[in-house]
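One structure is given here, and the rest of the page talks about it.
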Amino acid sequence: MENLQKINAENHSETTSKGCVSSEDESIIINPQFDDGLNNWSGRGCKIALHDSMGDGKILPKTGKVFASATERTQSWNGIQQEITGRVQRKLAYEVTAVVRIFGNNVTTSDVRATLYVQAPDLREQYIGIANVQATDKDWVQMQGKFLLNGSPSKVVVYLEGPAPGTDILVNTFVIKHADKTPPSTPPDCEGAAFGVNIIENSNLANGTNGWFPLGNCTLSVGTGSPRIIPPMARDSLGPHESLSGRYVLVTNRTQTWMGPAQMITEKLKLFLTYQVSAWVRIGNGSSGPQNVNVALSVDNQWVNGGQVEVADDRWHEIGGSFRIEKQPSKVMVYIQGPASGVDLMLAGLQIFAVDRHARFKYLRRQTDKIRKREIILKFSGLDSIGNLGTLVRVKQVQNDFPIGSCISRSNIDNEDFVDFFVKHFNWAVFGNELKWYWTEPQQGNLNYKDADEMLDLCQKNKIDTRGHCIFWDVDNTVQQWIKSLNKTDLMTAVQNRLNGLLTRYKGKFKHYDVNNEMLHGSFYQDRLGKDIRANMFKTAHQIDPSATLFVNDYHVEDGCDTRSSPEKYIQHILDLKEQGAPVSGIGIQGHIDSPVGPIVCSALDKMGTLGIPIWFTELDVSSTNEYVRADDLEVMLRESLAHPAIDGVMLWGFWELFMSRENSHLVNAEGELNEAGKRYLALKQEWLSHSHGYVDEQGQFSFRGFSGTYNVEVVTLAKKVTKTFVVDKGDSSLVVSIDL
């Protein structure tokens with residue numbers, strides 16, 4: 001997955017100049033409404049002009065008397081610009097709003113982007129996308145975005161770009177000001193939430209097909225002989241429950257993939273609750289090849305995924321997923337769809353119920369204590385001979401060594417507040433983009449390891465372990481143009497050079513490598529170089545750096561919503577690689593997840609765990625507009641991870657606002673305040689520290705159960721007080737720690 005603040009390493013030559021710093025409230029842009037003509041504005045590779053109307057008087061300003069245009073554009077990056085050096089301060093969040101439209105060249109809609117060009121004192125250049133909007137030639141639209149500068153730039157220019165050459169960009173107003181603080185969320189109102197109660201009407205079909213209607217002109221009838229047991233993922237959420245009826249909806253005469261049984265559920269949903277979806281599904285004969293079955297929601301005509309399963313035989317299959325609605329909809333329909341036209345569909349025991357996610361936490365706490373703690377016996381020598389009784393022991397864990405890390409970017413490390421939070425609260429790192437091939441070699445032979453070197457240096461200084469993400473990325477649109485243009489022989493050489501160059505340079509420095517990212521969602525290298533290339537990437541990487549754990553890495557493995565990367569498909573993929581001799585020694589599940597439900601995630605981990613290979617969540621992020629719900633999402637994922645014996649580490653895909661790949665997923669606001677999700681994270685980190693106190697026994701020993709990591713112990717006798725530090729390694733058996741006083 002990508003990071004949002006995309007930075008393109010284009011080279012336009014820029015001169016530098018310095019200005020003075022402004023107060024917070026005035027607009028950073030001078031002449032934002034063009035009242036002063038085009039003063040302070042210029043063309044970036046094109047001309048700019050001022051208008052009171054255009055297009056025979058059809059285009060008039062939305063506000064004020066005039067608007068500006070960027071015209072005679074010959075490149076998509078051409079546009080109108082203003083230098084704002086010295087008027088923006090580092091580590092402050094700014095909001096940009098612009099009113100724009102497009103004109104000419106027979107283009108009716110186009111992406112218009114606001115971009116920041118930033119040059120550092122060492123001449124390092126960045127292009128930061130700060131806002132974008134679909135603009136049209138019919139009407140003015142407002143564009144909005146936020147940005148923050150981590151470092152102290154020597155030059156900053158803001159400009160509009162995007163449409164194809166020949167299309168004019170029109171701008172009526174362009175304002176940048178210090179962003180208002182985001183008001184804190186209030187906890188969602190879950191009063192009267194009927195957890196575990198199915199909102200589907202006549203789910204057991206005791207009443208014929210009452211409550212159901214056919215979507216499209218298919219036919220619904222009732223059949224018997226479906227499973228009476230509740231699908232396992234729902235059973236784990238519901239606890240004791242009634243059995244299913246054994247009746248199912250049979251859907252015939254389907255002439256489109258979207259046709260199937262449906263119900264309206266608008267009135268039955270509560271905002272911000274997390275709903276689990278569960279059913280048995282089966283398909284009739286007449287299908288050629290595997291069929292996708294999907295429980296879908298139409299929320300004001302937007303498709304929302306409630307879970308998917310691939311069916312290739314005559315059996316009943318469990319389908320499971322989850323969803324949440326955060327804006328009041330006017331119409332919500334649930335429907336079951338997917339198989340090809342002409343294939344009959346069967347649905348049994350559809351349940352949609354709100355999940356009390358906290359109810360499972362008690363079990364997860366106990367489970368975590370069982371699998372992450374060990375018996376520790378402190379054996380004291382050198383105590384006063386008068387006897388040990390009355391000797392007080394206070395044990396305090398200062399660090400849990402379970403790996404919880406985060407993604408960082410090069411620009412983040414210029415912000416000392418970011419670095420401070422990062423080194424205090426994480427013990428692993430992964431680089432968002434800076435190790436990817438398109439970053440380290442954007443043009444053939446033009447190598448850039450400077451960013452990665454500086455980030456690695458920071459991690460090593462702070463004793464933070466690092467994952468290497470990623471050597472290759474198999475998804476077509478992530479591959480840089482020069483690689484796409486190579487013939488087979490040259491591509492093979494380039495792949496070999498990439499492996500040699502990267503792994504020799506950093507030998508022993510990265511503990512993990514994601515070897516070829518997202519192979520279940522792309523096959524760029526395999527399509528061009530043949531099936532063996534994937535296993536060969538692993539073999540070569542292992543030869544060059546045998547100390548690194550080599551990972552596969554993919555997304556939507558854990559949430560039931562993507563049949564391309566179901567646990568079953570991922571397992572088969574790993575077995576295929578191993579059969580070809582690939583030394584796969586780690587399984588990466590990215591964890592970009594929506595509205596997580598514990599038993600669904602756990603079910604996927606149980607399946608993946610059968611391979612006996614360590615599993616990491618490698619890119620975890622959760623998203624909600626409400627910080628309390630986001631905190632719950634994060635808590636679900638972290639608790640499930642620590643309670644699962646197959647999980648060996650968790651990496652968050654960032655934590656700081658404006659430096660995440662997903663909206664509404666940060667733990668720390670742009671200017672450094674902890675939000676509710678951040679507070680929850682720190683509370684969990686505290687919970688996972690073991691403390692104990694008591695007296696030394698007759699044998700001169702003190703025992704307790706604790707997590708692995710670093711401890712301080714304070715021993716108080718009548719005569720003296722001694723403080724020592726000791727380390728507990730990961731392990732199952734009891735550990736004796738000898739402490740000489």
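By order of appearance in the structure tokens: chains A, B, ..., then residues from 1 within every chain, and ligands from 1 in the order shown.
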
### Message
Residues near Lys177 (chain A), anyone? I mean within 9 Å using only C-alpha atoms, not counting same-chain ones fewer than 5 positions away, as a PyMOL selection string.
### Response
chain A and resi 24-29+93-97

Go ahead and write the selection's residues with C-alpha atoms as an mmCIF file, in the first residue's frame.
data_model
loop_
_atom_site.group_PDB
_atom_site.id
_atom_site.type_symbol
_atom_site.label_atom_id
_atom_site.label_comp_id
_atom_site.auth_asym_id
_atom_site.auth_seq_id
_atom_site.Cartn_x
_atom_site.Cartn_y
_atom_site.Cartn_z
ATOM 1 C CA GLU A 24 -1.075 32.535 12.204
ATOM 2 C CA ASP A 25 -4.423 33.906 11.119
ATOM 3 C CA GLU A 26 -3.840 35.851 7.944
ATOM 4 C CA SER A 27 -3.875 33.949 4.665
ATOM 5 C CA ILE A 28 -0.445 32.691 3.668
ATOM 6 C CA ILE A 29 -1.364 33.481 0.063
ATOM 7 C CA ALA A 93 -0.867 22.312 10.095
ATOM 8 C CA TYR A 94 -2.217 24.439 7.246
ATOM 9 C CA GLU A 95 -5.471 24.196 5.376
ATOM 10 C CA VAL A 96 -5.743 24.987 1.681
ATOM 11 C CA THR A 97 -9.041 25.897 -0.020
#

### Message
Residues near Pro163 (chain A), anyone? I mean within 9 Å using only C-alpha atoms, not counting same-chain ones fewer than 4 positions away, as a PyMOL selection string.
### Response
chain A and resi 75-78+102+107+109-113+167-169

Using the selection just defined, write its residues with all heavy atoms as a tab-separated table (two decimals), in the first residue's frame.
chain	number	residue	atom	x	y	z
A	75	GLN	N	2.36	20.80	-20.45
A	75	GLN	CA	2.65	19.63	-19.59
A	75	GLN	C	1.59	19.58	-18.50
A	75	GLN	O	1.06	20.61	-18.09
A	75	GLN	CB	4.02	19.79	-18.89
A	75	GLN	CG	5.20	20.03	-19.82
A	75	GLN	CD	5.65	18.75	-20.47
A	75	GLN	OE1	5.44	17.66	-19.94
A	75	GLN	NE2	6.26	18.87	-21.65
A	76	SER	N	1.34	18.37	-17.98
A	76	SER	CA	0.30	18.28	-16.94
A	76	SER	C	0.70	19.02	-15.66
A	76	SER	O	-0.15	19.43	-14.89
A	76	SER	CB	-0.03	16.82	-16.63
A	76	SER	OG	1.08	16.20	-16.02
A	77	TRP	N	2.03	19.22	-15.45
A	77	TRP	CA	2.46	19.94	-14.23
A	77	TRP	C	2.44	21.45	-14.38
A	77	TRP	O	2.72	22.18	-13.42
A	77	TRP	CB	3.85	19.46	-13.75
A	77	TRP	CG	4.96	19.57	-14.76
A	77	TRP	CD1	5.40	18.58	-15.58
A	77	TRP	CD2	5.79	20.71	-15.03
A	77	TRP	NE1	6.43	19.03	-16.37
A	77	TRP	CE2	6.70	20.33	-16.05
A	77	TRP	CE3	5.85	22.01	-14.53
A	77	TRP	CZ2	7.66	21.21	-16.57
A	77	TRP	CZ3	6.80	22.89	-15.04
A	77	TRP	CH2	7.69	22.49	-16.06
A	78	ASN	N	2.11	21.97	-15.56
A	78	ASN	CA	2.02	23.43	-15.73
A	78	ASN	C	0.79	23.96	-14.99
A	78	ASN	O	-0.25	23.31	-14.95
A	78	ASN	CB	1.88	23.78	-17.21
A	78	ASN	CG	3.11	23.41	-18.04
A	78	ASN	OD1	3.02	23.32	-19.26
A	78	ASN	ND2	4.25	23.18	-17.41
A	102	ILE	N	-12.24	23.90	-15.03
A	102	ILE	CA	-11.36	23.74	-16.19
A	102	ILE	C	-12.06	24.29	-17.43
A	102	ILE	O	-13.28	24.47	-17.44
A	102	ILE	CB	-10.96	22.27	-16.41
A	102	ILE	CG1	-12.20	21.37	-16.48
A	102	ILE	CG2	-10.01	21.79	-15.33
A	102	ILE	CD1	-11.90	19.95	-16.90
A	107	VAL	N	-12.23	18.89	-22.93
A	107	VAL	CA	-12.16	18.07	-21.72
A	107	VAL	C	-13.29	18.52	-20.79
A	107	VAL	O	-13.42	19.71	-20.50
A	107	VAL	CB	-10.79	18.23	-21.02
A	107	VAL	CG1	-10.77	17.45	-19.72
A	107	VAL	CG2	-9.68	17.76	-21.94
A	109	THR	N	-14.18	16.79	-17.63
A	109	THR	CA	-13.79	16.66	-16.21
A	109	THR	C	-12.32	16.27	-16.14
A	109	THR	O	-11.80	15.58	-17.01
A	109	THR	CB	-14.59	15.57	-15.44
A	109	THR	OG1	-14.02	14.30	-15.75
A	109	THR	CG2	-16.06	15.58	-15.78
A	110	SER	N	-11.68	16.73	-15.07
A	110	SER	CA	-10.26	16.39	-14.87
A	110	SER	C	-9.90	16.57	-13.41
A	110	SER	O	-10.49	17.37	-12.69
A	110	SER	CB	-9.38	17.30	-15.72
A	110	SER	OG	-8.04	17.17	-15.31
A	111	ASP	N	-8.91	15.81	-13.00
A	111	ASP	CA	-8.34	15.95	-11.67
A	111	ASP	C	-7.53	17.25	-11.63
A	111	ASP	O	-6.67	17.45	-12.50
A	111	ASP	CB	-7.41	14.74	-11.45
A	111	ASP	CG	-7.11	14.49	-9.99
A	111	ASP	OD1	-7.99	14.77	-9.16
A	111	ASP	OD2	-6.00	14.03	-9.68
A	112	VAL	N	-7.82	18.12	-10.68
A	112	VAL	CA	-6.97	19.30	-10.47
A	112	VAL	C	-6.33	19.15	-9.09
A	112	VAL	O	-7.00	18.83	-8.12
A	112	VAL	CB	-7.78	20.62	-10.55
A	112	VAL	CG1	-6.91	21.81	-10.15
A	112	VAL	CG2	-8.31	20.81	-11.97
A	113	ARG	N	-5.01	19.34	-9.04
A	113	ARG	CA	-4.28	19.11	-7.79
A	113	ARG	C	-3.55	20.36	-7.33
A	113	ARG	O	-3.04	21.12	-8.15
A	113	ARG	CB	-3.24	18.00	-7.98
A	113	ARG	CG	-3.82	16.66	-8.37
A	113	ARG	CD	-2.77	15.55	-8.29
A	113	ARG	NE	-1.68	15.72	-9.25
A	113	ARG	CZ	-1.77	15.36	-10.53
A	113	ARG	NH1	-2.88	14.82	-10.99
A	113	ARG	NH2	-0.74	15.53	-11.34
A	167	THR	N	-5.59	22.12	-21.74
A	167	THR	CA	-6.76	22.47	-20.93
A	167	THR	C	-6.36	23.58	-19.95
A	167	THR	O	-5.33	23.45	-19.28
A	167	THR	CB	-7.27	21.24	-20.14
A	167	THR	OG1	-7.53	20.18	-21.05
A	167	THR	CG2	-8.52	21.56	-19.35
A	168	ASP	N	-7.16	24.65	-19.89
A	168	ASP	CA	-6.85	25.74	-18.94
A	168	ASP	C	-7.34	25.38	-17.54
A	168	ASP	O	-8.39	24.76	-17.38
A	168	ASP	CB	-7.56	27.04	-19.36
A	168	ASP	CG	-6.97	27.60	-20.66
A	168	ASP	OD1	-6.00	27.01	-21.18
A	168	ASP	OD2	-7.50	28.63	-21.14
A	169	ILE	N	-6.56	25.78	-16.52
A	169	ILE	CA	-7.01	25.68	-15.13
A	169	ILE	C	-7.49	27.07	-14.72
A	169	ILE	O	-6.73	28.05	-14.84
A	169	ILE	CB	-5.87	25.25	-14.19
A	169	ILE	CG1	-5.27	23.90	-14.61
A	169	ILE	CG2	-6.36	25.18	-12.74
A	169	ILE	CD1	-4.03	23.49	-13.82

### Query
What's the 8 Å shell around region 610-623 of chain A, counting only C-alpha atoms, without same-chain residues fewer than 6 positions away, as a VMD selection string?
chain A and resid 407 553 571 585 to 595 630 633 to 634 646 to 654 662 to 665

### Message
as a PyMOL selection string, please: every residue in region 517-702 of chain A that DSSP puts in helix (DSSP H, G or I).
### Response
chain A and resi 524-529+532-544+563-565+567-579+598-609+627-642+676-687

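You will find CA of Val171 (chain A) at 14.5 Å from CA of Thr115 (chain A).
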
## Note on the structure
Counting only C-alpha atoms, closest pick from A:Ser406, A:Gln460, A:Asn400, A:Ser154 relative to Gln686 (chain A) is A:Asn400

### Query
Counting only C-alpha atoms, what is within 9 Å of Ala98 (chain A), bar same-chain residues fewer than 3 positions away, as a list of chain:residue names?
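The neighbour list is A:Ala114, A:Val141, A:Gln142, A:Met143, A:Gln144, A:Val171, A:Asn172, A:Thr173, A:Phe174, A:Val175, A:Ile176.
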
### Query
Near Thr257 (chain A), counting only C-alpha atoms, which residues have an atom at most 8 Å away, once you skip same-chain residues fewer than 5 positions from it, shown as a list in words?
Gln337, Gly338, Pro339, Ala340 and Ser341 of chain A

### Message
Please determine, counting only C-alpha atoms, which residue among A:Gly501, A:Gly382, A:Pro188, A:Pro645 has the shortest atom-to-atom distance to Val715 (chain A).
### Response
A:Gly382

### Query
So which residues touch Ala234 (chain A) within 9 Å, counting only C-alpha atoms, skipping near sequence neighbours fewer than 6 positions away, as a PyMOL selection string?
chain A and resi 276-279+320+351+599-600

### Message
To test your reading of the structure, identify every residue in region 382-428 of chain A that backbone DSSP assigns to strand (DSSP E), and report it as an NGL selection string.
### Response
:A and (392-400 or 404-408 or 428)

### Query
Looking at only C-alpha atoms, which of A:Lys146, A:His521, A:Lys362, A:Lys370 is the one that sits closest to Trp473 (chain A)?
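Closest to Trp473 (chain A) of all the choices is A:His521.
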
#### Entry: Residues near Asp52 (chain A), cut-off 12 Å, only C-alpha atoms, skip fewer than 4 positions along chain, as a VMD selection string
chain A and resid 34 to 35 37 56 to 69 170 to 172

Could you write those residues out with N, CA, C and O atoms, as a JSON list (two decimals), in the first residue's frame?
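The result, written out as again06.json:
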[["chain", "number", "residue", "atom", "x", "y", "z"],
["A", 34, "PHE", "N", -7.37, 37.69, -6.32],
["A", 34, "PHE", "CA", -6.96, 38.38, -7.55],
["A", 34, "PHE", "C", -7.52, 39.80, -7.62],
["A", 34, "PHE", "O", -7.68, 40.36, -8.71],
["A", 35, "ASP", "N", -7.83, 40.40, -6.43],
["A", 35, "ASP", "CA", -8.28, 41.80, -6.40],
["A", 35, "ASP", "C", -7.17, 42.71, -6.90],
["A", 35, "ASP", "O", -7.42, 43.78, -7.44],
["A", 37, "GLY", "N", -5.11, 42.12, -9.29],
["A", 37, "GLY", "CA", -4.67, 41.57, -10.59],
["A", 37, "GLY", "C", -3.93, 40.25, -10.40],
["A", 37, "GLY", "O", -4.32, 39.42, -9.59],
["A", 56, "ASP", "N", -17.70, 33.33, -23.97],
["A", 56, "ASP", "CA", -18.83, 34.19, -24.37],
["A", 56, "ASP", "C", -19.74, 34.53, -23.20],
["A", 56, "ASP", "O", -20.97, 34.48, -23.31],
["A", 57, "GLY", "N", -19.11, 34.86, -22.07],
["A", 57, "GLY", "CA", -19.90, 35.31, -20.91],
["A", 57, "GLY", "C", -20.55, 34.19, -20.13],
["A", 57, "GLY", "O", -21.26, 34.44, -19.15],
["A", 58, "LYS", "N", -20.30, 32.91, -20.53],
["A", 58, "LYS", "CA", -20.92, 31.79, -19.78],
["A", 58, "LYS", "C", -20.19, 31.54, -18.46],
["A", 58, "LYS", "O", -20.77, 31.06, -17.50],
["A", 59, "ILE", "N", -18.88, 31.82, -18.44],
["A", 59, "ILE", "CA", -18.11, 31.58, -17.22],
["A", 59, "ILE", "C", -17.88, 32.91, -16.51],
["A", 59, "ILE", "O", -17.22, 33.81, -17.04],
["A", 60, "LEU", "N", -18.46, 33.03, -15.33],
["A", 60, "LEU", "CA", -18.32, 34.24, -14.52],
["A", 60, "LEU", "C", -17.69, 33.84, -13.18],
["A", 60, "LEU", "O", -17.80, 32.69, -12.77],
["A", 61, "PRO", "N", -17.06, 34.80, -12.48],
["A", 61, "PRO", "CA", -16.49, 34.44, -11.18],
["A", 61, "PRO", "C", -17.59, 33.99, -10.21],
["A", 61, "PRO", "O", -18.71, 34.48, -10.29],
["A", 62, "LYS", "N", -17.25, 33.04, -9.33],
["A", 62, "LYS", "CA", -18.24, 32.61, -8.34],
["A", 62, "LYS", "C", -18.36, 33.67, -7.24],
["A", 62, "LYS", "O", -19.43, 33.95, -6.74],
["A", 63, "THR", "N", -17.19, 34.26, -6.86],
["A", 63, "THR", "CA", -17.21, 35.38, -5.91],
["A", 63, "THR", "C", -16.28, 36.45, -6.46],
["A", 63, "THR", "O", -15.37, 36.14, -7.24],
["A", 64, "GLY", "N", -16.49, 37.69, -6.05],
["A", 64, "GLY", "CA", -15.63, 38.78, -6.51],
["A", 64, "GLY", "C", -15.88, 39.12, -7.97],
["A", 64, "GLY", "O", -16.85, 38.68, -8.57],
["A", 65, "LYS", "N", -14.96, 39.89, -8.54],
["A", 65, "LYS", "CA", -15.18, 40.40, -9.90],
["A", 65, "LYS", "C", -14.35, 39.69, -10.96],
["A", 65, "LYS", "O", -14.62, 39.80, -12.14],
["A", 66, "VAL", "N", -13.29, 38.97, -10.52],
["A", 66, "VAL", "CA", -12.36, 38.38, -11.50],
["A", 66, "VAL", "C", -11.93, 36.97, -11.11],
["A", 66, "VAL", "O", -12.14, 36.54, -9.97],
["A", 67, "PHE", "N", -11.32, 36.27, -12.07],
["A", 67, "PHE", "CA", -10.67, 34.99, -11.78],
["A", 67, "PHE", "C", -9.44, 34.88, -12.67],
["A", 67, "PHE", "O", -9.29, 35.65, -13.63],
["A", 68, "ALA", "N", -8.55, 33.95, -12.34],
["A", 68, "ALA", "CA", -7.32, 33.80, -13.11],
["A", 68, "ALA", "C", -7.36, 32.49, -13.89],
["A", 68, "ALA", "O", -8.10, 31.57, -13.54],
["A", 69, "SER", "N", -6.55, 32.42, -14.95],
["A", 69, "SER", "CA", -6.42, 31.15, -15.67],
["A", 69, "SER", "C", -4.95, 30.84, -15.90],
["A", 69, "SER", "O", -4.13, 31.74, -16.05],
["A", 170, "LEU", "N", -8.76, 27.16, -14.29],
["A", 170, "LEU", "CA", -9.28, 28.46, -13.82],
["A", 170, "LEU", "C", -9.34, 28.44, -12.30],
["A", 170, "LEU", "O", -9.69, 27.43, -11.70],
["A", 171, "VAL", "N", -8.98, 29.57, -11.70],
["A", 171, "VAL", "CA", -9.04, 29.65, -10.23],
["A", 171, "VAL", "C", -9.65, 30.98, -9.81],
["A", 171, "VAL", "O", -9.27, 32.04, -10.30],
["A", 172, "ASN", "N", -10.65, 30.91, -8.94],
["A", 172, "ASN", "CA", -11.38, 32.10, -8.50],
["A", 172, "ASN", "C", -10.82, 32.61, -7.17],
["A", 172, "ASN", "O", -10.62, 33.81, -6.98]]

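With only C-alpha atoms as the atoms that count, the residue of A:Ser287, A:Leu378, A:Val419, A:Arg534 with the shortest distance to Arg394 (chain A) is A:Leu378.
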
### Query
Interatomic distance between CA of Phe402 (chain A) and CA of Lys507 (chain A)?
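Taking CA of Phe402 (chain A) and CA of Lys507 (chain A), their separation equals 24.0 Å.
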
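The residue that comes closest to Lys268 (chain A), out of A:Leu667, A:Ile533, A:Met333, A:Ile371 and on the basis of only C-alpha atoms, is A:Met333.
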